[in-house]
file query.tsv (TSV, C-alpha atoms)
chain	number	residue	atom	x	y	z
A	1	MET	CA	-28.54	93.69	27.97
A	2	THR	CA	-31.50	92.76	25.81
A	3	ASP	CA	-29.46	90.43	23.61
A	4	LYS	CA	-27.69	88.65	26.51
A	5	ILE	CA	-30.49	87.12	28.54
A	6	THR	CA	-30.85	83.53	29.71
A	7	ALA	CA	-34.31	82.29	30.61
A	8	ILE	CA	-34.54	79.58	33.29
A	9	ALA	CA	-37.90	77.81	33.58
A	10	THR	CA	-38.66	75.24	36.24
A	11	ALA	CA	-41.02	72.33	35.59
A	12	TYR	CA	-42.78	69.79	37.80
A	13	HIS	CA	-45.39	67.58	36.11
A	14	PRO	CA	-45.96	70.36	33.54
A	15	ASP	CA	-48.92	70.68	31.18
A	16	GLN	CA	-49.07	72.19	27.69
A	17	ARG	CA	-48.64	75.72	29.06
A	18	LEU	CA	-44.93	75.02	29.49
A	19	LEU	CA	-44.49	74.82	25.72
A	20	ALA	CA	-45.98	78.32	25.40
A	21	VAL	CA	-43.60	79.52	28.14
A	22	VAL	CA	-40.62	78.12	26.24
A	23	GLU	CA	-41.75	79.53	22.90
A	24	ALA	CA	-42.25	83.02	24.32
A	25	ALA	CA	-38.92	82.97	26.16
A	26	ARG	CA	-37.06	81.75	23.09
A	27	ALA	CA	-38.31	84.77	21.15
A	28	SER	CA	-36.77	87.23	23.62
A	29	CYS	CA	-33.76	85.42	25.13
A	30	THR	CA	-30.51	84.06	23.75
A	31	GLU	CA	-31.03	80.71	25.46
A	32	VAL	CA	-33.73	78.91	27.41
A	33	LEU	CA	-32.96	76.31	30.08
A	34	VAL	CA	-35.79	74.14	31.36
A	35	VAL	CA	-35.05	72.33	34.62
A	36	ASP	CA	-37.34	69.31	34.83
A	37	ASN	CA	-37.98	68.36	38.45
A	38	THR	CA	-40.52	65.70	37.48
A	39	PRO	CA	-39.39	62.31	38.86
A	40	GLY	CA	-38.56	60.16	35.85
A	41	GLY	CA	-38.79	63.16	33.52
A	42	ALA	CA	-41.83	64.87	32.01
A	43	GLU	CA	-43.12	63.20	28.85
A	44	LEU	CA	-44.00	66.63	27.51
A	45	LEU	CA	-40.26	67.44	27.28
A	46	SER	CA	-39.21	64.18	25.63
A	47	GLY	CA	-39.64	65.37	22.04
A	48	ASP	CA	-37.66	67.76	19.86
A	49	LEU	CA	-37.37	71.31	21.16
A	50	PRO	CA	-36.44	74.51	19.29
A	51	GLU	CA	-32.82	75.48	18.82
A	52	GLY	CA	-31.47	77.32	21.85
A	53	VAL	CA	-33.60	75.35	24.31
A	54	ARG	CA	-32.02	72.82	26.67
A	55	VAL	CA	-33.70	70.52	29.16
A	56	LEU	CA	-31.80	69.72	32.36
A	57	ARG	CA	-32.88	66.59	34.20
A	58	PRO	CA	-31.53	66.21	37.75
A	59	ALA	CA	-31.52	62.78	39.39
A	60	GLY	CA	-34.30	63.80	41.80
A	61	ASN	CA	-36.69	66.63	42.57
A	62	LEU	CA	-34.39	69.47	43.64
A	63	GLY	CA	-37.22	71.78	44.62
A	64	LEU	CA	-37.59	75.29	43.21
A	65	ALA	CA	-34.35	76.64	44.68
A	66	GLY	CA	-32.23	73.68	43.61
A	67	ALA	CA	-33.67	73.76	40.09
A	68	LEU	CA	-32.94	77.47	39.71
A	69	ASN	CA	-29.39	76.97	40.97
A	70	LEU	CA	-28.82	74.14	38.48
A	71	GLY	CA	-29.96	76.42	35.68
A	72	ILE	CA	-27.66	79.19	36.88
A	73	ARG	CA	-24.68	76.82	36.89
A	74	GLU	CA	-25.46	75.66	33.34
A	75	MET	CA	-26.14	79.04	31.73
A	76	SER	CA	-23.82	80.48	29.12
A	77	PRO	CA	-20.97	82.56	30.55
A	78	GLY	CA	-21.82	85.53	28.33
A	79	SER	CA	-25.28	86.12	29.79
A	80	GLU	CA	-25.68	89.39	31.65
A	81	ALA	CA	-29.22	88.98	32.94
A	82	VAL	CA	-31.48	86.08	33.86
A	83	LEU	CA	-35.24	85.76	33.36
A	84	LEU	CA	-36.80	83.36	35.88
A	85	LEU	CA	-40.00	81.58	34.90
A	86	ASP	CA	-42.55	79.14	36.28
A	87	GLN	CA	-44.10	76.56	33.98
A	88	ASP	CA	-47.16	78.76	33.42
A	89	SER	CA	-45.46	82.17	33.12
A	90	VAL	CA	-45.80	83.31	29.51
A	91	LEU	CA	-44.05	86.63	28.91
A	92	SER	CA	-43.88	88.21	25.48
A	93	GLY	CA	-40.69	89.72	24.10
A	94	GLU	CA	-42.12	93.22	24.53
A	95	VAL	CA	-42.78	92.56	28.22
A	96	VAL	CA	-39.31	91.12	28.79
A	97	GLY	CA	-37.82	94.17	27.09
A	98	LEU	CA	-39.72	96.51	29.42
A	99	LEU	CA	-38.40	94.67	32.48
A	100	VAL	CA	-34.82	94.46	31.23
A	101	ALA	CA	-34.87	98.20	30.46
A	102	HIS	CA	-35.08	98.87	34.19
A	103	LEU	CA	-31.61	97.34	34.58
A	104	ASP	CA	-30.19	100.27	32.60
A	105	ASP	CA	-30.42	102.05	35.96
A	106	PRO	CA	-27.25	100.92	37.80
A	107	THR	CA	-29.05	101.12	41.18
A	108	ILE	CA	-31.59	98.43	40.18
A	109	GLY	CA	-30.63	94.80	40.69
A	110	ALA	CA	-33.90	93.12	39.73
A	111	ALA	CA	-37.17	94.03	38.04
A	112	ALA	CA	-40.45	92.14	38.16
A	113	PRO	CA	-43.97	92.26	36.75
A	114	ALA	CA	-47.12	92.46	38.89
A	115	PRO	CA	-48.89	89.11	39.43
A	116	TRP	CA	-52.33	89.28	37.81
A	117	ASP	CA	-55.49	87.23	38.38
A	118	ALA	CA	-56.84	86.82	34.85
A	119	VAL	CA	-60.13	85.32	36.09
A	120	ARG	CA	-61.03	88.24	38.36
A	121	GLU	CA	-59.11	90.78	36.25
A	122	SER	CA	-57.33	92.24	39.25
A	123	TYR	CA	-53.90	92.32	40.84
A	124	ILE	CA	-53.34	89.30	43.08
A	125	ASP	CA	-51.87	91.58	45.74
A	126	PRO	CA	-54.51	94.33	46.23
A	127	ARG	CA	-51.83	96.71	47.51
A	128	THR	CA	-50.40	96.87	43.97
A	129	ARG	CA	-53.26	99.11	42.83
A	130	LEU	CA	-52.20	101.79	45.34
A	131	ARG	CA	-48.53	101.78	44.36
A	132	PRO	CA	-46.87	103.95	41.70
A	133	GLU	CA	-46.36	102.45	38.24
A	134	VAL	CA	-42.81	101.47	39.18
A	135	ALA	CA	-42.48	100.74	42.89
A	136	ASP	CA	-39.51	99.81	45.06
A	137	LEU	CA	-40.28	96.64	47.03
A	138	ASP	CA	-38.47	94.47	49.57
A	139	ALA	CA	-39.48	91.27	47.78
A	140	VAL	CA	-41.18	90.08	44.59
A	141	ILE	CA	-42.09	86.61	43.36
A	142	THR	CA	-39.50	84.62	41.42
A	143	SER	CA	-41.67	84.06	38.36
A	144	GLY	CA	-41.11	86.82	35.83
A	145	MET	CA	-38.19	88.35	37.71
A	146	VAL	CA	-35.27	89.67	35.67
A	147	VAL	CA	-32.06	89.86	37.72
A	148	ARG	CA	-28.49	90.85	37.00
A	149	ARG	CA	-26.18	87.87	36.48
A	150	SER	CA	-23.51	89.54	38.62
A	151	LEU	CA	-25.86	89.58	41.63
A	152	LEU	CA	-26.68	85.91	41.25
A	153	ASP	CA	-22.96	85.17	41.34
A	154	GLU	CA	-22.41	87.48	44.32
A	155	LEU	CA	-25.28	86.06	46.38
A	156	GLY	CA	-24.63	82.42	45.57
A	157	GLY	CA	-28.03	81.72	44.03
A	158	PHE	CA	-31.07	80.52	45.93
A	159	ARG	CA	-31.49	78.86	49.31
A	160	GLU	CA	-31.89	75.14	48.69
A	161	ASP	CA	-32.94	74.15	52.22
A	162	PHE	CA	-36.14	76.17	51.60
A	163	PHE	CA	-37.03	73.72	48.81
A	164	VAL	CA	-39.99	75.65	47.40
A	165	ASP	CA	-41.77	78.30	49.49
A	166	CYS	CA	-40.23	81.69	50.44
A	167	VAL	CA	-37.28	81.07	48.10
A	168	ASP	CA	-38.07	84.36	46.37
A	169	GLN	CA	-38.40	86.33	49.61
A	170	ASP	CA	-35.11	85.07	51.02
A	171	PHE	CA	-33.27	85.93	47.80
A	172	CYS	CA	-34.82	89.39	47.56
A	173	LEU	CA	-34.02	90.28	51.16
A	174	LYS	CA	-30.39	89.28	50.56
A	175	LEU	CA	-30.31	91.29	47.34
A	176	ARG	CA	-31.64	94.39	49.12
A	177	ARG	CA	-28.87	94.11	51.71
A	178	THR	CA	-26.33	94.66	48.93
A	179	GLY	CA	-27.78	98.15	48.53
A	180	MET	CA	-29.39	97.37	45.16
A	181	ARG	CA	-33.05	98.08	44.45
A	182	ILE	CA	-35.87	95.74	43.45
A	183	VAL	CA	-38.64	97.30	41.40
A	184	GLN	CA	-42.05	96.06	40.35
A	185	ASP	CA	-43.55	97.52	37.19
A	186	LYS	CA	-47.31	97.17	37.56
A	187	ARG	CA	-47.84	98.10	33.92
A	188	VAL	CA	-46.40	94.65	33.19
A	189	LYS	CA	-49.01	92.11	34.29
A	190	LEU	CA	-48.03	88.50	34.86
A	191	PRO	CA	-50.96	86.05	34.69
A	192	HIS	CA	-50.17	83.83	37.66
A	193	SER	CA	-51.83	80.68	38.95
A	194	LEU	CA	-52.45	80.41	42.70
A	195	GLY	CA	-53.36	76.73	42.50
A	196	GLU	CA	-56.73	75.43	43.67
A	197	VAL	CA	-58.64	78.49	44.87
A	198	ARG	CA	-62.10	78.37	46.44
A	199	GLU	CA	-64.34	81.19	47.61
A	200	HIS	CA	-66.07	81.03	51.01
A	201	ARG	CA	-68.52	83.24	52.84
A	202	PHE	CA	-66.98	85.17	55.73
A	203	LEU	CA	-69.17	87.42	57.91
A	204	ILE	CA	-70.86	89.78	55.42
A	205	GLY	CA	-68.46	89.12	52.55
A	206	HIS	CA	-66.33	86.44	50.92
A	207	VAL	CA	-62.73	85.26	51.20
A	208	ARG	CA	-60.68	83.30	48.69
A	209	VAL	CA	-58.70	80.36	50.06
A	210	THR	CA	-55.89	78.52	48.29
A	211	HIS	CA	-56.06	74.80	49.09
A	212	HIS	CA	-52.45	73.67	49.11
A	213	PRO	CA	-51.46	70.10	50.02
A	214	LYS	CA	-50.28	69.51	53.58
A	215	TRP	CA	-46.61	69.38	52.64
A	216	ARG	CA	-46.82	72.86	51.11
A	217	LEU	CA	-48.43	74.27	54.26
A	218	TYR	CA	-45.50	72.91	56.25
A	219	TRP	CA	-42.97	74.69	54.04
A	220	VAL	CA	-44.89	77.97	53.98
A	221	ILE	CA	-44.77	78.21	57.78
A	222	ARG	CA	-41.36	76.62	58.34
A	223	ASN	CA	-39.60	78.93	55.90
A	224	GLY	CA	-41.62	81.99	56.85
A	225	VAL	CA	-40.72	81.58	60.53
A	226	LEU	CA	-37.04	81.14	59.68
A	227	LEU	CA	-37.04	84.32	57.61
A	228	VAL	CA	-38.69	86.30	60.40
A	229	LYS	CA	-36.08	85.05	62.88
A	230	GLU	CA	-33.22	85.99	60.58
A	231	ASN	CA	-34.48	89.39	59.44
A	232	LEU	CA	-36.36	90.81	62.42
A	233	ARG	CA	-33.77	93.45	63.28
A	234	ARG	CA	-32.92	94.41	59.70
A	235	SER	CA	-36.43	94.41	58.20
A	236	PRO	CA	-38.98	94.72	61.04
A	237	VAL	CA	-41.82	96.03	58.87
A	238	TRP	CA	-41.45	93.21	56.36
A	239	CYS	CA	-41.31	90.68	59.21
A	240	LEU	CA	-44.48	92.04	60.82
A	241	THR	CA	-46.30	91.80	57.49
A	242	SER	CA	-45.05	88.24	57.04
A	243	VAL	CA	-46.27	87.23	60.50
A	244	LEU	CA	-49.72	88.69	59.84
A	245	ILE	CA	-49.93	86.80	56.54
A	246	MET	CA	-49.04	83.51	58.25
A	247	VAL	CA	-51.61	84.13	61.02
A	248	ARG	CA	-54.28	84.85	58.43
A	249	TRP	CA	-53.32	81.70	56.52
A	250	ALA	CA	-53.60	79.59	59.68
A	251	LEU	CA	-56.98	81.14	60.52
A	252	LEU	CA	-58.42	80.46	57.07
A	253	THR	CA	-57.04	76.91	57.18
A	254	ALA	CA	-58.78	76.32	60.52
A	255	LEU	CA	-62.05	77.69	59.16
A	256	TYR	CA	-62.24	76.27	55.67
A	257	GLU	CA	-59.63	73.64	54.74
A	258	LYS	CA	-60.38	69.98	55.32
A	259	PRO	CA	-59.15	67.82	56.90
A	260	ARG	CA	-58.48	70.68	59.33
A	261	GLY	CA	-56.61	68.63	61.92
A	262	ALA	CA	-54.04	67.26	59.50
A	263	ARG	CA	-53.49	70.63	57.85
A	264	LEU	CA	-53.11	72.52	61.11
A	265	ARG	CA	-50.75	69.80	62.34
A	266	ALA	CA	-48.57	70.34	59.26
A	267	MET	CA	-48.48	74.07	59.98
A	268	TRP	CA	-47.65	73.44	63.64
A	269	HIS	CA	-44.76	71.20	62.59
A	270	GLY	CA	-43.60	73.95	60.24
A	271	LEU	CA	-43.67	76.45	63.11
A	272	ARG	CA	-41.73	74.05	65.35
A	273	ASP	CA	-39.08	73.30	62.73
A	274	GLY	CA	-38.79	76.95	61.73
A	275	VAL	CA	-38.04	77.92	65.34
A	276	LYS	CA	-35.51	75.08	65.69
A	277	GLY	CA	-34.01	75.53	62.21
A	278	ARG	CA	-34.52	71.96	61.10
A	279	THR	CA	-36.37	70.05	58.35
A	280	SER	CA	-38.81	67.14	58.56
A	281	ALA	CA	-38.50	64.51	55.83
A	282	ASP	CA	-42.19	63.70	56.41
A	283	TYR	CA	-43.13	66.80	54.42
A	284	LEU	CA	-40.98	66.21	51.36
A	285	PRO	CA	-42.82	65.07	48.22
A	286	ALA	CA	-41.99	61.72	46.61
A	287	GLY	CA	-38.80	61.81	44.57
A	288	SER	CA	-37.28	64.70	46.50
A	289	ALA	CA	-33.50	65.00	46.47
A	290	LEU	CA	-33.58	66.95	49.75
A	291	THR	CA	-33.32	65.08	53.04
A	292	GLY	CA	-34.56	65.99	56.50
A	293	SER	CA	-32.30	67.32	59.25

call {"tool": "encode", "arguments": {"input": "query.tsv", "output": "structure tokens"}}
result
Amino acid sequence: MTDKITAIATAYHPDQRLLAVVEAARASCTEVLVVDNTPGGAELLSGDLPEGVRVLRPAGNLGLAGALNLGIREMSPGSEAVLLLDQDSVLSGEVVGLLVAHLDDPTIGAAAPAPWDAVRESYIDPRTRLRPEVADLDAVITSGMVVRRSLLDELGGFREDFFVDCVDQDFCLKLRRTGMRIVQDKRVKLPHSLGEVREHRFLIGHVRVTHHPKWRLYWVIRNGVLLVKENLRRSPVWCLTSVLIMVRWALLTALYEKPRGARLRAMWHGLRDGVKGRTSADYLPAGSALTGS
């Protein structure tokens, strides 16, 4: 499979790191598709790009799921595996080869690296340190994931009503229900940005808090609640973990994120809409192609 890989990178107001992402992907993949979700198009992508690299520009911001699905529709028919990338996910050819090698096992549907905090020199998920070198997981993040093309076709791509958050978790849970495995190789470290992170004192220690905009907090809770509702019977342990993560997120928001009222209100609206299975257009960023329901 190593010579039949399509890389799909998503971009939204990208910086120079995207060019490094494209260059690295081009060295290990037969084609690279960059889906530019930036309203009006990113100036960074307006110049000449290397051979084998295409930029797809939708009419509006499709969100992460919509952008990935556009890339899947436009990929070459001969591709057998897909490498999914964020605009800051630089993976060398050697790393991609290690991940793709896992697909030689017919029971494995997707393989992923372990997200790595380069500043603190530690795994972003502390549980990773306790796992074996190659661990079976229920879900991994989209960035850096290598997945069989046949499974993308079978599952119908990614869930566009989720727009951005929990897109990876929904896809992985569906993939696991096919009976295929998802593995994370912690020897392969993916430097991953968590956004604006601040450290605060908490009791006798410190906690790190990611300060997302209000609209992101809405989607985190809205989509997380929907996934718990839909998967409670089939994946109770995963659902319990997801609930605890959302409770922790709400607690840290109440303690440290300002303006607290507006942020907690966004999370409350996410909880309400997740329970009711609807979407509020008030929490869609400017230029979004998705509408509320």

call {"tool": "atom_distance", "arguments": {"input": "query.tsv", "atom1": "atom CA of A:Thr241", "atom2": "atom CA of A:Ala262"}}
result
25.8 Å

call {"tool": "closest_residue", "arguments": {"input": "query.tsv", "among": "A:Ala24, A:Val34, A:Val134, A:Ala11", "to": "A:Leu64", "atoms": "only C-alpha atoms"}}
result
A:Ala11

call {"tool": "closest_residue", "arguments": {"input": "query.tsv", "among": "A:Leu33, A:Asp138, A:Pro126, A:Thr107", "to": "A:Val237", "atoms": "all atoms listed in the file"}}
result
A:Asp138

call {"tool": "atom_distance", "arguments": {"input": "query.tsv", "atom1": "atom CA of A:Asp125", "atom2": "atom CA of A:Val21"}}
result
22.9 Å

call {"tool": "residues_around", "arguments": {"input": "query.tsv", "residues": "A:Asp86", "least_positions_apart": "3", "cutoff": "9 Å", "atoms": "only C-alpha atoms", "output": "number ranges by chain"}}
result
A: 8-11, 18, 21, 89-90, 142-144

call {"tool": "write_last_selection", "arguments": {"input": "query.tsv", "atoms": "C-alpha atoms", "output": "compact mmCIF listing (two decimals), in the frame of the given file"}}
result
# COMPACT_ATOMS: atom_id res chain seq x y z
CA ILE A 8 -34.54 79.58 33.29
CA ALA A 9 -37.90 77.81 33.58
CA THR A 10 -38.66 75.24 36.24
CA ALA A 11 -41.02 72.33 35.59
CA LEU A 18 -44.93 75.02 29.49
CA VAL A 21 -43.60 79.52 28.14
CA SER A 89 -45.46 82.17 33.12
CA VAL A 90 -45.80 83.31 29.51
CA THR A 142 -39.50 84.62 41.42
CA SER A 143 -41.67 84.06 38.36
CA GLY A 144 -41.11 86.82 35.83

call {"tool": "residues_around", "arguments": {"input": "query.tsv", "residues": "A:Asp282", "least_positions_apart": "4", "cutoff": "12 Å", "atoms": "all atoms listed in the file", "output": "list of chain:residue names"}}
result
A:Lys214, A:Trp215, A:Arg216, A:Tyr218, A:Trp219, A:Ala266, A:His269, A:Gly270, A:Asp273, A:Ala286, A:Ser288, A:Leu290, A:Thr291, A:Gly292, A:Ser293

call {"tool": "residues_around", "arguments": {"input": "query.tsv", "residues": "stretch 276-278 of chain A", "least_positions_apart": "4", "cutoff": "12 Å", "atoms": "all atoms listed in the file", "output": "list in words"}}
result
Asp161, Phe162, Trp219, Ile221, Arg222, Asn223, Gly224, Val225, Leu226, Leu227, Val228, Lys229, Glu230, His269, Gly270, Leu271, Arg272, Thr291, Gly292 and Ser293 of chain A

call {"tool": "write_last_selection", "arguments": {"input": "query.tsv", "atoms": "C-alpha atoms", "output": "PDB file, keeping the file's coordinate frame"}}
result
ATOM      1  CA  ASP A 161     -32.940  74.150  52.220  1.00  0.00           C
ATOM      2  CA  PHE A 162     -36.140  76.170  51.600  1.00  0.00           C
ATOM      3  CA  TRP A 219     -42.970  74.690  54.040  1.00  0.00           C
ATOM      4  CA  ILE A 221     -44.770  78.210  57.780  1.00  0.00           C
ATOM      5  CA  ARG A 222     -41.360  76.620  58.340  1.00  0.00           C
ATOM      6  CA  ASN A 223     -39.600  78.930  55.900  1.00  0.00           C
ATOM      7  CA  GLY A 224     -41.620  81.990  56.850  1.00  0.00           C
ATOM      8  CA  VAL A 225     -40.720  81.580  60.530  1.00  0.00           C
ATOM      9  CA  LEU A 226     -37.040  81.140  59.680  1.00  0.00           C
ATOM     10  CA  LEU A 227     -37.040  84.320  57.610  1.00  0.00           C
ATOM     11  CA  VAL A 228     -38.690  86.300  60.400  1.00  0.00           C
ATOM     12  CA  LYS A 229     -36.080  85.050  62.880  1.00  0.00           C
ATOM     13  CA  GLU A 230     -33.220  85.990  60.580  1.00  0.00           C
ATOM     14  CA  HIS A 269     -44.760  71.200  62.590  1.00  0.00           C
ATOM     15  CA  GLY A 270     -43.600  73.950  60.240  1.00  0.00           C
ATOM     16  CA  LEU A 271     -43.670  76.450  63.110  1.00  0.00           C
ATOM     17  CA  ARG A 272     -41.730  74.050  65.350  1.00  0.00           C
ATOM     18  CA  THR A 291     -33.320  65.080  53.040  1.00  0.00           C
ATOM     19  CA  GLY A 292     -34.560  65.990  56.500  1.00  0.00           C
ATOM     20  CA  SER A 293     -32.300  67.320  59.250  1.00  0.00           C
TER      21      SER A 293
END

call {"tool": "residues_around", "arguments": {"input": "query.tsv", "residues": "A:Val140", "least_positions_apart": "4", "cutoff": "7 Å", "atoms": "only C-alpha atoms", "output": "JSON, numbers by chain"}}
result
{"A": [112, 168, 169]}

call {"tool": "residues_near_point", "arguments": {"input": "query.tsv", "point": "(-48.3, 68.8, 27.6)", "cutoff": "10 Å", "atoms": "all atoms listed in the file", "output": "PyMOL selection string"}}
result
chain A and resi 13-19+42-45

call {"tool": "atom_distance", "arguments": {"input": "query.tsv", "atom1": "atom CA of A:Val243", "atom2": "atom CA of A:Thr279"}}
result
19.9 Å

call {"tool": "closest_residue", "arguments": {"input": "query.tsv", "among": "A:Gly93, A:Gly60, A:Pro106, A:Gly179", "to": "A:Gly40", "atoms": "all atoms listed in the file"}}
result
A:Gly60

call {"tool": "closest_atom_pairs", "arguments": {"input": "query.tsv", "of": "stretch 19-58 of chain A", "to": "stretch 65-73 of chain A", "cutoff": "9 Å", "atoms": "all atoms listed in the file", "output": "tab-separated table"}}
result
residue	atom	partner	partner_atom	distance
A:Leu33	CA	A:Gly71	CA	6.4
A:Val34	CA	A:Gly71	CA	7.6
A:Val35	CA	A:Ala67	CA	5.8
A:Asp36	CA	A:Ala67	CA	7.8
A:Asn37	CA	A:Ala67	CA	7.1
A:Leu56	CA	A:Gly71	CA	7.7
A:Pro58	CA	A:Ala67	CA	8.2
